[in-house]
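Q: My structure is in target23.cif, and what it holds is mmCIF, C-alpha atoms:
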```cif
data_entry
#
loop_
_atom_site.label_atom_id
_atom_site.label_comp_id
_atom_site.auth_asym_id
_atom_site.auth_seq_id
_atom_site.Cartn_x
_atom_site.Cartn_y
_atom_site.Cartn_z
CA MET A 24 192.97 89.65 112.46
CA ALA A 25 191.87 86.10 113.22
CA ALA A 26 194.02 85.95 116.35
CA ILE A 27 192.44 89.18 117.64
CA GLY A 28 188.97 87.78 116.94
CA LEU A 29 189.90 84.53 118.70
CA ALA A 30 191.30 86.19 121.83
CA SER A 31 188.49 88.69 122.29
CA GLY A 32 185.89 86.08 121.29
CA ILE A 33 187.07 83.81 124.11
CA LEU A 34 186.12 86.58 126.55
CA LEU A 35 182.58 86.65 125.15
CA GLY A 36 182.32 82.87 125.26
CA LEU A 37 183.41 82.73 128.89
CA ALA A 38 180.92 85.48 129.76
CA ALA A 39 178.10 83.50 128.20
CA ARG A 40 178.85 80.27 130.09
CA LEU A 41 180.23 81.59 133.39
CA GLY A 42 178.32 84.86 133.61
CA ARG A 43 175.06 83.81 131.87
CA PHE A 44 175.32 86.81 129.54
CA CYS A 45 172.45 86.26 127.10
CA THR A 46 170.24 88.57 125.04
CA LEU A 47 167.09 86.45 125.06
CA GLY A 48 167.60 85.49 128.69
CA ALA A 49 167.83 89.16 129.67
CA ILE A 50 164.62 90.00 127.80
CA GLU A 51 162.77 86.97 129.19
CA ASP A 52 163.87 87.78 132.75
CA ALA A 53 162.66 91.35 132.39
CA LEU A 54 159.29 90.44 130.88
CA TYR A 55 158.40 87.26 132.75
CA GLY A 56 160.94 86.72 135.53
CA GLY A 57 160.54 90.00 137.39
CA SER A 58 164.30 90.66 137.22
CA THR A 59 166.26 93.26 135.29
CA VAL A 60 169.67 92.07 136.52
CA ARG A 61 170.72 90.58 133.20
CA LEU A 62 169.30 93.54 131.27
CA ARG A 63 171.34 95.88 133.47
CA MET A 64 174.30 93.57 132.96
CA TRP A 65 173.85 94.28 129.25
CA GLY A 66 173.81 98.00 130.04
CA VAL A 67 177.10 97.67 131.91
CA ALA A 68 178.65 96.01 128.86
CA VAL A 69 177.34 98.69 126.48
CA GLY A 70 178.30 101.57 128.77
CA LEU A 71 181.87 100.37 129.19
CA ALA A 72 182.13 99.55 125.48
CA ILE A 73 181.09 103.13 124.62
CA ILE A 74 183.58 104.62 127.08
CA GLY A 75 186.36 102.36 125.81
CA SER A 76 185.63 102.92 122.12
CA PHE A 77 185.48 106.70 122.43
CA GLY A 78 188.56 106.55 124.61
CA LEU A 79 190.35 104.84 121.72
CA MET A 80 189.09 107.58 119.40
CA GLY A 81 190.39 110.25 121.76
CA ALA A 82 193.80 108.54 121.91
CA GLY A 83 193.97 108.39 118.11
CA LEU A 84 193.85 104.57 118.14
CA LEU A 85 190.49 104.29 116.38
CA ASP A 86 188.95 106.34 113.58
CA GLY A 87 185.24 106.13 114.31
CA ALA A 88 184.31 107.11 110.75
CA LYS A 89 186.08 103.99 109.45
CA THR A 90 184.17 101.56 111.64
CA TYR A 91 181.62 99.49 109.78
CA TYR A 92 178.54 100.97 111.42
CA LEU A 93 179.57 104.60 110.89
CA SER A 94 180.79 104.14 107.33
CA ILE A 95 177.48 103.00 105.81
CA ARG A 96 174.23 104.89 105.32
CA TRP A 97 171.64 104.28 108.01
CA MET A 98 168.27 102.99 106.80
CA PRO A 99 165.67 103.28 109.62
CA LEU A 100 163.17 100.97 107.92
CA ALA A 101 165.82 98.26 107.52
CA SER A 102 166.71 98.57 111.21
CA VAL A 103 163.09 98.15 112.25
CA ALA A 104 162.16 95.37 109.82
CA GLY A 105 165.38 93.44 110.29
CA GLY A 106 165.32 93.90 114.06
CA LEU A 107 161.75 92.60 114.35
CA MET A 108 162.62 89.59 112.19
CA PHE A 109 165.72 88.86 114.22
CA GLY A 110 164.00 89.25 117.58
CA TYR A 111 161.05 87.05 116.65
CA GLY A 112 163.38 84.43 115.18
CA MET A 113 165.53 84.58 118.30
CA ALA A 114 162.53 83.73 120.46
CA LEU A 115 161.53 80.83 118.20
CA ALA A 116 165.08 79.46 118.10
CA GLY A 117 165.56 79.91 121.85
CA ASN A 118 168.82 81.83 121.40
CA CYS A 119 170.55 84.41 119.24
CA GLY A 120 173.57 83.41 117.15
CA TYR A 121 175.95 84.29 119.97
CA GLY A 122 173.88 82.29 122.45
CA ALA A 123 173.70 79.33 120.08
CA LEU A 124 177.49 79.31 119.77
CA ALA A 125 177.76 79.42 123.56
CA ARG A 126 175.35 76.51 123.96
CA LEU A 127 177.18 74.59 121.25
CA GLY A 128 180.32 75.02 123.33
CA GLY A 129 178.48 73.16 126.10
CA GLY A 130 177.60 70.20 123.86
CA ASP A 131 174.12 71.21 122.66
CA LEU A 132 173.76 69.72 119.18
CA ARG A 133 170.48 71.56 118.60
CA SER A 134 172.51 74.75 118.60
CA PHE A 135 174.76 73.28 115.92
CA VAL A 136 171.72 73.18 113.64
CA ILE A 137 170.83 76.77 114.56
CA VAL A 138 174.37 77.96 113.79
CA LEU A 139 174.41 76.25 110.40
CA VAL A 140 170.96 77.43 109.35
CA MET A 141 171.58 81.00 110.53
CA GLY A 142 174.92 81.20 108.69
CA VAL A 143 173.46 79.88 105.45
CA SER A 144 170.35 82.08 105.74
CA ALA A 145 172.52 85.17 106.26
CA PHE A 146 174.47 84.52 103.07
CA VAL A 147 171.31 83.69 101.09
CA VAL A 148 170.16 87.25 101.80
CA LEU A 149 173.61 88.85 101.74
CA ALA A 150 175.02 87.40 98.52
CA GLY A 151 172.69 84.60 97.42
CA PRO A 152 169.35 84.33 95.61
CA LEU A 153 167.60 86.88 97.86
CA ALA A 154 170.38 89.47 97.62
CA PRO A 155 168.76 91.31 94.64
CA LEU A 156 165.52 91.65 96.60
CA ARG A 157 167.39 93.00 99.63
CA ASP A 158 169.27 95.46 97.42
CA MET A 159 166.01 96.60 95.85
CA LEU A 160 164.30 97.17 99.21
CA PHE A 161 167.29 98.31 101.30
CA GLU A 162 170.14 99.38 99.08
CA GLN A 163 173.32 99.79 101.08
CA ALA A 164 175.53 102.77 100.38
CA ASP A 165 178.70 104.21 101.85
CA VAL A 166 178.52 107.46 103.80
CA THR A 167 179.53 110.35 101.59
CA SER A 168 178.66 113.28 103.85
CA ASP A 169 179.90 114.58 107.17
CA PRO A 170 179.22 113.84 109.99
CA PRO A 171 178.90 110.03 110.06
CA PRO A 172 175.57 108.52 111.16
CA GLY A 173 176.48 108.52 114.85
CA ILE A 174 174.68 109.97 117.87
CA ALA A 175 177.77 111.61 119.32
CA HIS A 176 178.84 112.92 115.92
CA ARG A 177 175.44 114.50 115.28
CA LEU A 178 175.33 116.00 118.78
CA GLY A 179 178.81 117.39 118.20
CA LEU A 180 177.64 119.06 115.01
CA LEU A 181 174.62 120.59 116.79
CA THR A 182 176.45 121.77 119.90
CA GLY A 183 179.91 122.47 118.55
CA LEU A 184 181.39 120.25 121.28
CA PRO A 185 184.06 117.59 120.61
CA THR A 186 182.70 114.16 119.73
CA VAL A 187 184.84 112.16 122.14
CA PRO A 188 183.69 113.85 125.40
CA ILE A 189 180.07 113.58 124.25
CA GLY A 190 180.42 109.86 123.58
CA MET A 191 182.23 109.15 126.85
CA THR A 192 179.63 111.16 128.78
CA LEU A 193 176.75 109.22 127.22
CA GLY A 194 178.54 105.95 127.94
CA GLY A 195 179.13 107.02 131.54
CA LEU A 196 175.47 107.96 132.02
CA LEU A 197 174.34 104.59 130.67
CA LEU A 198 176.82 102.81 132.92
CA LEU A 199 175.66 104.71 136.02
CA PHE A 200 172.00 104.04 135.19
CA SER A 201 172.73 100.33 134.75
CA LEU A 202 174.63 100.14 138.04
CA ALA A 203 171.88 101.94 139.99
CA SER A 204 170.26 98.70 141.11
CA ARG A 205 170.56 96.92 144.45
CA PRO A 206 169.76 93.46 142.98
CA LEU A 207 172.63 93.93 140.51
CA TRP A 208 175.10 94.76 143.29
CA GLN A 209 173.94 91.64 145.11
CA LYS A 210 175.37 89.70 142.18
CA PRO A 211 178.83 91.21 141.65
CA SER A 212 179.72 88.48 139.15
CA ALA A 213 177.07 89.95 136.83
CA ILE A 214 178.87 93.30 136.88
CA LEU A 215 182.21 91.56 136.29
CA TRP A 216 181.05 89.56 133.28
CA GLY A 217 179.20 92.53 131.81
CA ALA A 218 182.48 94.43 132.01
CA VAL A 219 184.31 91.52 130.36
CA VAL A 220 181.90 91.61 127.41
CA GLY A 221 182.41 95.36 127.03
CA LEU A 222 186.17 94.79 127.09
CA GLY A 223 185.83 92.14 124.38
CA ILE A 224 184.04 94.60 122.08
CA VAL A 225 186.65 97.33 122.68
CA ALA A 226 189.46 94.82 122.11
CA GLY A 227 187.96 93.98 118.73
CA TRP A 228 187.94 97.64 117.66
CA ALA A 229 191.43 98.29 119.00
CA GLY A 230 192.99 95.20 117.44
CA THR A 231 191.45 95.47 113.98
CA SER A 232 192.17 99.21 113.86
CA TRP A 233 195.83 98.56 114.68
CA VAL A 234 196.12 95.84 112.03
CA ALA A 235 194.33 97.96 109.41
CA ALA A 236 196.66 100.89 110.09
CA SER A 237 199.78 98.69 109.94
CA SER A 238 198.82 96.54 106.97
CA PHE A 239 199.69 97.10 103.32
CA GLU A 240 196.22 95.79 102.43
CA ALA A 241 192.87 97.52 102.88
CA LEU A 242 191.36 95.72 105.88
CA PRO A 243 188.06 96.52 107.63
CA VAL A 244 187.85 97.96 111.14
CA VAL A 245 185.31 95.70 112.83
CA SER A 246 184.26 94.17 116.12
CA HIS A 247 182.07 91.22 117.04
CA SER A 248 178.86 90.24 115.28
CA PHE A 249 177.31 86.81 114.78
CA SER A 250 175.20 86.69 111.64
CA ALA A 251 177.13 87.02 108.37
CA PRO A 252 180.34 85.96 110.18
CA MET A 253 178.74 82.56 110.73
CA GLY A 254 178.25 82.17 107.00
CA GLU A 255 181.77 83.44 106.38
CA THR A 256 183.13 80.84 108.80
CA ILE A 257 181.21 78.05 107.08
CA LEU A 258 182.64 79.15 103.72
CA TRP A 259 186.16 79.28 105.19
CA PHE A 260 185.89 75.72 106.47
CA MET A 261 184.85 74.59 102.99
CA THR A 262 187.27 76.73 100.97
CA GLY A 263 190.05 77.60 103.42
CA SER A 264 192.79 77.10 100.85
CA ALA A 265 191.22 79.84 98.70
CA ARG A 266 190.00 82.22 101.43
CA PRO A 267 192.16 83.99 104.02
CA LEU A 268 191.47 83.81 107.73
CA SER A 269 189.58 86.82 109.06
CA PHE A 270 188.45 88.45 112.27
CA ALA A 271 185.01 86.90 111.77
CA VAL A 272 186.35 83.34 111.63
CA GLY A 273 188.51 83.95 114.68
CA SER A 274 185.57 85.51 116.55
CA ILE A 275 183.30 82.52 115.93
CA ALA A 276 186.04 80.10 116.98
CA GLY A 277 186.81 82.23 120.03
CA VAL A 278 183.26 82.29 121.37
CA TRP A 279 182.94 78.54 120.89
CA THR A 280 186.29 77.93 122.60
CA GLY A 281 185.50 80.23 125.51
CA ALA A 282 182.06 78.67 125.95
CA CYS A 283 183.54 75.17 125.88
CA LEU A 284 186.12 76.13 128.52
CA GLY A 285 183.42 77.77 130.63
CA SER A 286 181.15 74.74 130.48
CA LEU A 287 184.04 72.47 131.49
CA ILE A 288 184.95 74.78 134.39
CA LYS A 289 181.35 74.73 135.58
CA GLY A 290 181.00 71.00 134.97
CA HIS A 291 178.03 71.65 132.68
CA PHE A 292 179.35 70.09 129.48
CA ARG A 293 177.04 67.35 128.21
CA TRP A 294 175.85 66.21 124.82
CA GLU A 295 172.25 67.15 124.12
CA ALA A 296 170.01 66.58 121.13
CA CYS A 297 166.47 67.46 120.15
CA GLU A 298 163.90 64.74 120.84
CA ASP A 299 160.87 66.62 119.49
CA PRO A 300 160.78 67.23 115.71
CA ARG A 301 158.32 70.09 116.24
CA GLU A 302 160.80 71.86 118.49
CA LEU A 303 163.58 71.43 115.95
CA ARG A 304 161.30 72.68 113.17
CA ARG A 305 160.56 75.82 115.19
CA GLN A 306 164.25 76.37 115.89
CA ILE A 307 165.23 75.97 112.24
CA PHE A 308 162.59 78.49 111.17
CA GLY A 309 163.74 80.89 113.89
CA ALA A 310 167.38 80.54 112.84
CA ALA A 311 166.48 81.29 109.21
CA LEU A 312 164.62 84.42 110.31
CA MET A 313 167.58 85.51 112.43
CA GLY A 314 170.04 85.20 109.57
CA ALA A 315 167.84 87.15 107.18
CA GLY A 316 166.88 89.74 109.79
CA ALA A 317 170.45 90.38 110.88
CA VAL A 318 171.63 91.00 107.32
CA THR A 319 168.69 93.32 106.71
CA ALA A 320 169.38 95.28 109.91
CA LEU A 321 173.16 95.22 109.28
CA GLY A 322 173.80 93.42 112.54
CA CYS A 323 172.46 91.05 115.16
CA SER A 324 171.84 91.48 118.89
CA ILE A 325 175.61 91.64 119.39
CA GLY A 326 176.54 93.42 116.15
CA GLN A 327 174.00 96.21 116.59
CA GLY A 328 173.28 95.81 120.30
CA LEU A 329 176.93 95.98 121.38
CA SER A 330 179.41 96.74 118.59
CA ALA A 331 177.31 99.40 116.84
CA PHE A 332 176.18 100.75 120.21
CA SER A 333 179.80 101.10 121.33
CA VAL A 334 180.41 103.74 118.62
CA LEU A 335 176.90 105.18 119.16
CA ALA A 336 175.69 104.47 115.64
CA LEU A 337 172.22 105.86 114.98
CA SER A 338 171.09 102.38 113.96
CA ALA A 339 171.99 100.74 117.29
CA PRO A 340 169.18 101.85 119.66
CA VAL A 341 166.51 101.56 116.96
CA THR A 342 167.60 98.06 115.97
CA PHE A 343 167.94 96.92 119.57
CA LEU A 344 164.44 98.16 120.43
CA ALA A 345 163.08 96.36 117.36
CA ILE A 346 164.88 93.17 118.43
CA PHE A 347 163.40 93.55 121.91
CA ALA A 348 159.90 94.02 120.45
CA GLY A 349 160.26 91.04 118.11
CA ALA A 350 161.51 88.85 120.95
CA ALA A 351 158.63 90.00 123.16
CA ILE A 352 156.12 88.97 120.47
CA GLY A 353 157.81 85.60 120.01
CA LEU A 354 158.01 84.91 123.76
CA ARG A 355 154.37 85.91 124.17
CA GLN A 356 153.43 83.38 121.50
CA LEU A 357 155.51 80.59 123.01
CA ILE A 358 154.66 81.16 126.67
CA MET A 359 151.07 82.32 126.60
CA GLY A 360 149.79 81.94 123.06
CA PHE A 361 147.86 84.60 121.19
CA GLN A 362 144.38 83.44 122.24
CA PRO A 363 142.72 85.59 124.93
CA ALA A 364 142.26 83.92 128.32
CA GLU A 365 138.70 82.78 129.11
#
```
Here is the file; what I need is its structure written in the form of structure tokens.

A:
Amino acid sequence: MAAIGLASGILLGLAARLGRFCTLGAIEDALYGGSTVRLRMWGVAVGLAIIGSFGLMGAGLLDGAKTYYLSIRWMPLASVAGGLMFGYGMALAGNCGYGALARLGGGDLRSFVIVLVMGVSAFVVLAGPLAPLRDMLFEQADVTSDPPPGIAHRLGLLTGLPTVPIGMTLGGLLLLFSLASRPLWQKPSAILWGAVVGLGIVAGWAGTSWVAASSFEALPVVSHSFSAPMGETILWFMTGSARPLSFAVGSIAGVWTGACLGSLIKGHFRWEACEDPRELRRQIFGAALMGAGAVTALGCSIGQGLSAFSVLALSAPVTFLAIFAGAAIGLRQLIMGFQPAE
């Protein structure tokens, strides 16, 4: 499981450093840079991930109902609240967890602080002192009814059509919409690295599904996410002799490794630190919000925005829109302030 997380995580790390694949960067470009290239790049990744994931389901290599995002009850309020928290925290921190890992791979020590704070914050809400409050407000429960909380599954129930063709059609439509842009085609590397990210998500599903089916132990079928896995990785480094390696630990290590290789290839590796305590204070607060928000929403910008989207979980588009809205509010505060112009 860890080796699969490592290998597919390296793809995501390379995409971040060589392809500039970044959630906050895509949102900032769209809102303030007059460019949707990186947002469409995200769409390419999601579209291919959907096609690949439902292709695995059609080939019998992945049971969609056993994936994390389709095996738990969807809570719309948790998606909205957690997504807004995560998006706003992402803007304050200057990166999501995935982006912070990528920057850490390039020598940015400020991102090391973000990674640590986000991992600890996630576990404070997931299993620490704030866990009872989270359970009281947003009690998680396994899915006990059919169909699972997925867009394609619900459309299949309504139309009587097979789930797999519906999912692959929706993925194809999203891919075509994302590719329908001349500026995107003027940057073919953006299309390439978006496809690499989509492949990394599909590889996570395929690998963990294969191991789970072959193992004598009950193992989860998962793909990449960067909130609770950060906390899990921190715990593994402290208690590795008592905790087994997992996909999450391999994924975190893979993204960092890929980002480090990418920064060395580009010649961008350099040690950086924060010189302004106020900036670091803002980033720490943002990282804490991201950790708490991701656990509340059951996924971060990658977990919900890519992995959950790849199996068309009902939570994915709602959470991603909430993350976008939260990031827009945070960017508005940082760039322009909330005071009206005179």

Q: Between A:Cys283, A:Val245, A:Leu178, A:Leu29, which residue has the minimum interatomic distance to A:Ala229, considering only C-alpha atoms?

A: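 Looking at the shortest contact to A:Ala229, the residue is A:Val245.
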
Q: Adding 8 Å on each side of the box along x, y and z that holds all listed atoms of stretch 196-210 of chain A, could you give its centre and edge lengths in Å to one decimal, as JSON?

A:
```
{"center_x": 173.3, "center_y": 98.8, "center_z": 137.9, "size_x": 23.1, "size_y": 34.3, "size_z": 30.4}
```

Q: Decode the PyMOL selection byres ((chain A and resi 42) around 9) for the given file into explicit residues and return them as a list in words.

A: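 Checking the PyMOL selection byres ((chain A and resi 42) around 9) against this file, the residues are Leu37, Ala38, Ala39, Arg40, Leu41, Arg43, Phe44, Cys45, Ser212, Ala213, Leu215, Trp216 and Gly217 of chain A.
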
Q: Please identify every residue of stretch 130-164 of chain A that has at least one atom no farther than 9 Å from an atom of stretch 107-125 of chain A, counting all atoms listed in the file, and for each give the shortest atom pair and the distance in Å to one decimal, arranged by chain then increasing number, as CSV.

A:
```
residue,atom,partner,partner_atom,distance
A:Asp131,CA,A:Ala123,CA,8.5
A:Arg133,CA,A:Ala123,CA,8.5
A:Ser134,CA,A:Ala123,CA,5.0
A:Phe135,CA,A:Ala123,CA,7.4
A:Ile137,CA,A:Ala123,CA,6.7
A:Val138,CA,A:Gly120,CA,6.5
A:Met141,CA,A:Gly120,CA,7.3
A:Gly142,CA,A:Gly120,CA,8.8
```

Q: Selection from above, C-alpha atoms, as a PDB file, keeping the file's coordinate frame, can you write it?

A:
```pdb
ATOM      1  CA  ASP A 131     174.120  71.210 122.660  1.00  0.00           C
ATOM      2  CA  ARG A 133     170.480  71.560 118.600  1.00  0.00           C
ATOM      3  CA  SER A 134     172.510  74.750 118.600  1.00  0.00           C
ATOM      4  CA  PHE A 135     174.760  73.280 115.920  1.00  0.00           C
ATOM      5  CA  ILE A 137     170.830  76.770 114.560  1.00  0.00           C
ATOM      6  CA  VAL A 138     174.370  77.960 113.790  1.00  0.00           C
ATOM      7  CA  MET A 141     171.580  81.000 110.530  1.00  0.00           C
ATOM      8  CA  GLY A 142     174.920  81.200 108.690  1.00  0.00           C
TER       9      GLY A 142
END
```

Q: Using only C-alpha atoms for the distances, tell me which of A:Arg157, A:Ile33, A:Trp65, A:Gly230 is nearest to A:Ala53.

A: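 The closest residue to A:Ala53 is A:Trp65.
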
Q: Counting all atoms listed in the file, select every polymer residue within 9 Å of (185.9, 114.3, 120.4) as defined in the file's coordinates, and provide the selection as a ChimeraX atom specification.

A: /A:77,80-81,175-176,179,184-190

Q: Using C-alpha atoms, can you export the residues from the last selection as a PDB file, in the coordinates of the input?

A:
```pdb
ATOM      1  CA  PHE A  77     185.480 106.700 122.430  1.00  0.00           C
ATOM      2  CA  MET A  80     189.090 107.580 119.400  1.00  0.00           C
ATOM      3  CA  GLY A  81     190.390 110.250 121.760  1.00  0.00           C
ATOM      4  CA  ALA A 175     177.770 111.610 119.320  1.00  0.00           C
ATOM      5  CA  HIS A 176     178.840 112.920 115.920  1.00  0.00           C
ATOM      6  CA  GLY A 179     178.810 117.390 118.200  1.00  0.00           C
ATOM      7  CA  LEU A 184     181.390 120.250 121.280  1.00  0.00           C
ATOM      8  CA  PRO A 185     184.060 117.590 120.610  1.00  0.00           C
ATOM      9  CA  THR A 186     182.700 114.160 119.730  1.00  0.00           C
ATOM     10  CA  VAL A 187     184.840 112.160 122.140  1.00  0.00           C
ATOM     11  CA  PRO A 188     183.690 113.850 125.400  1.00  0.00           C
ATOM     12  CA  ILE A 189     180.070 113.580 124.250  1.00  0.00           C
ATOM     13  CA  GLY A 190     180.420 109.860 123.580  1.00  0.00           C
TER      14      GLY A 190
END
```

Q: Select, from A:Gly106, A:Gly129, A:Gly32, A:Gly70, the residue with the minimum atom-to-atom distance to A:Arg293, counting all atoms listed in the file.

A: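 The answer is A:Gly129, which sits nearest to A:Arg293.
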
Q: Using only C-alpha atoms, pick whichever of A:Leu47, A:Gly328, A:Val225, A:Phe260 has the shortest atom-to-atom distance to A:Gly349.

A: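 Using only C-alpha atoms, the shortest distance to A:Gly349 belongs to A:Leu47.
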
Q: Find the spatial neighbours of A:Ser250, counting only C-alpha atoms, within a cut-off of 8 Å - ignore same-chain residues fewer than 5 positions away - and output them as a list in words.

A: Gly120, Met141, Gly142, Ala145, Met313, Gly314, Ala317, Val318, Gly322 and Cys323 of chain A

Q: Scan for residues within 12 Å of the point (174.5, 103.8, 136.7) in the coordinates of the file, using only C-alpha atoms, and reply as number ranges by chain.

A: A: 63-64, 66-71, 192-205, 207-208, 214

Q: Can you pull out the residues contacting A:Leu84? Cut-off 12 Å, using only C-alpha atoms, and skip same-chain residues under 2 positions away; I want them as a list in words.

A: Gly75, Ser76, Phe77, Gly78, Leu79, Met80, Gly81, Ala82, Asp86, Gly87, Lys89, Val225, Ala226, Trp228, Ala229, Gly230, Thr231, Ser232, Trp233, Val234, Ala235, Ala236, Ser237 and Val244 of chain A

Q: Please report the interatomic distance between atom CA of A:Phe343 and atom CA of A:Gly277 in Å with one decimal.

A: 23.9 Å
